[in-house]
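Scroll down for the structure; my scribbles are underneath it.
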Amino acid sequence: MRIRARLYSSTKTKPIQIAVPTRCTLPPHEAGPRFPYAESILADAKTQPYIHDCMVILREGKSTYRFRVFFKRHCRLKKNRSFRPLQGITPICSDMFVMRIAAANTSSVVNMRDRDTILADYMIPR
């Protein structure tokens, strides 16, 4: 199954929606937690095989939104031009993508909705 995510590409200046392949630990006819194949989206495995990920929590009024951000960092990877690096922080190299985390299970991901893409663009400085 593929799940919608937001890609911040190192070759483009604007983010785009993508479908990320995922796997489930339960049989196909049962609903269960979904885990993304980040390796299928982030290339350059020879240069940097390790994929970093972090959880970002946004609070807006009474609502709480949880996202997981996947990226690579290596000096030989192409710098990401789709966002502005924060002052004092080494710029992120290679592609980066954001997925929404399920409310019930913080290790599972779910499809991004329209509001989630707006929040993801807010999270990533442009």
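Letters for chains follow the order of the structure tokens (A, B, ...), residue numbers begin at 1 for each chain, and ligand numbers begin at 1 in the order shown.
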
_Run DSSP on the backbone and tell me which residues of chain A come out as strand (DSSP E); list them as a ChimeraX atom specification._
/A:2-8,16-24,34-36,52-60,63-72,93-101,109-110

*If you count only C-alpha atoms, which residues fall within 12 Å of segment 49-63 of chain A, apart from same-chain ones fewer than 2 positions away, as a VMD selection string?*
chain A and resid 36 to 47 65 to 74 77 92 to 103 106 to 109 115 to 116 118 to 120 122 to 124

Can you check which residues of chain A DSSP gives as helix (DSSP H, G or I) on the backbone and send them as a JSON list (two decimals) with C-alpha atoms, in the first residue's frame?
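Saved to selection.json:
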[["chain", "number", "residue", "atom", "x", "y", "z"],
["A", 38, "ALA", "CA", 12.09, 5.41, 3.17],
["A", 39, "GLU", "CA", 14.87, 3.81, 1.10],
["A", 40, "SER", "CA", 12.58, 3.75, -1.93],
["A", 114, "ASP", "CA", -4.94, 18.90, 2.78],
["A", 115, "ARG", "CA", -4.39, 20.61, 6.14],
["A", 116, "ASP", "CA", -1.35, 18.40, 6.81],
["A", 117, "THR", "CA", 0.42, 19.58, 3.66],
["A", 118, "ILE", "CA", -0.08, 23.19, 4.74],
["A", 119, "LEU", "CA", 1.34, 22.39, 8.18],
["A", 120, "ALA", "CA", 4.30, 20.51, 6.64],
["A", 121, "ASP", "CA", 5.12, 23.55, 4.50],
["A", 122, "TYR", "CA", 4.91, 25.70, 7.64],
["A", 123, "MET", "CA", 7.30, 23.33, 9.45]]

_Please determine, counting only C-alpha atoms, which residue among A:Thr64, A:Ile18, A:Arg23, A:Asn80 has the shortest atom-to-atom distance to Pro125 of chain A._
A:Asn80

_Two-atom distance - atom CA of Gln48 of chain A, atom CA of Ser10 of chain A (Å)_ =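 If I compute the distance from atom CA of Gln48 of chain A to atom CA of Ser10 of chain A, I get 14.9 Å.
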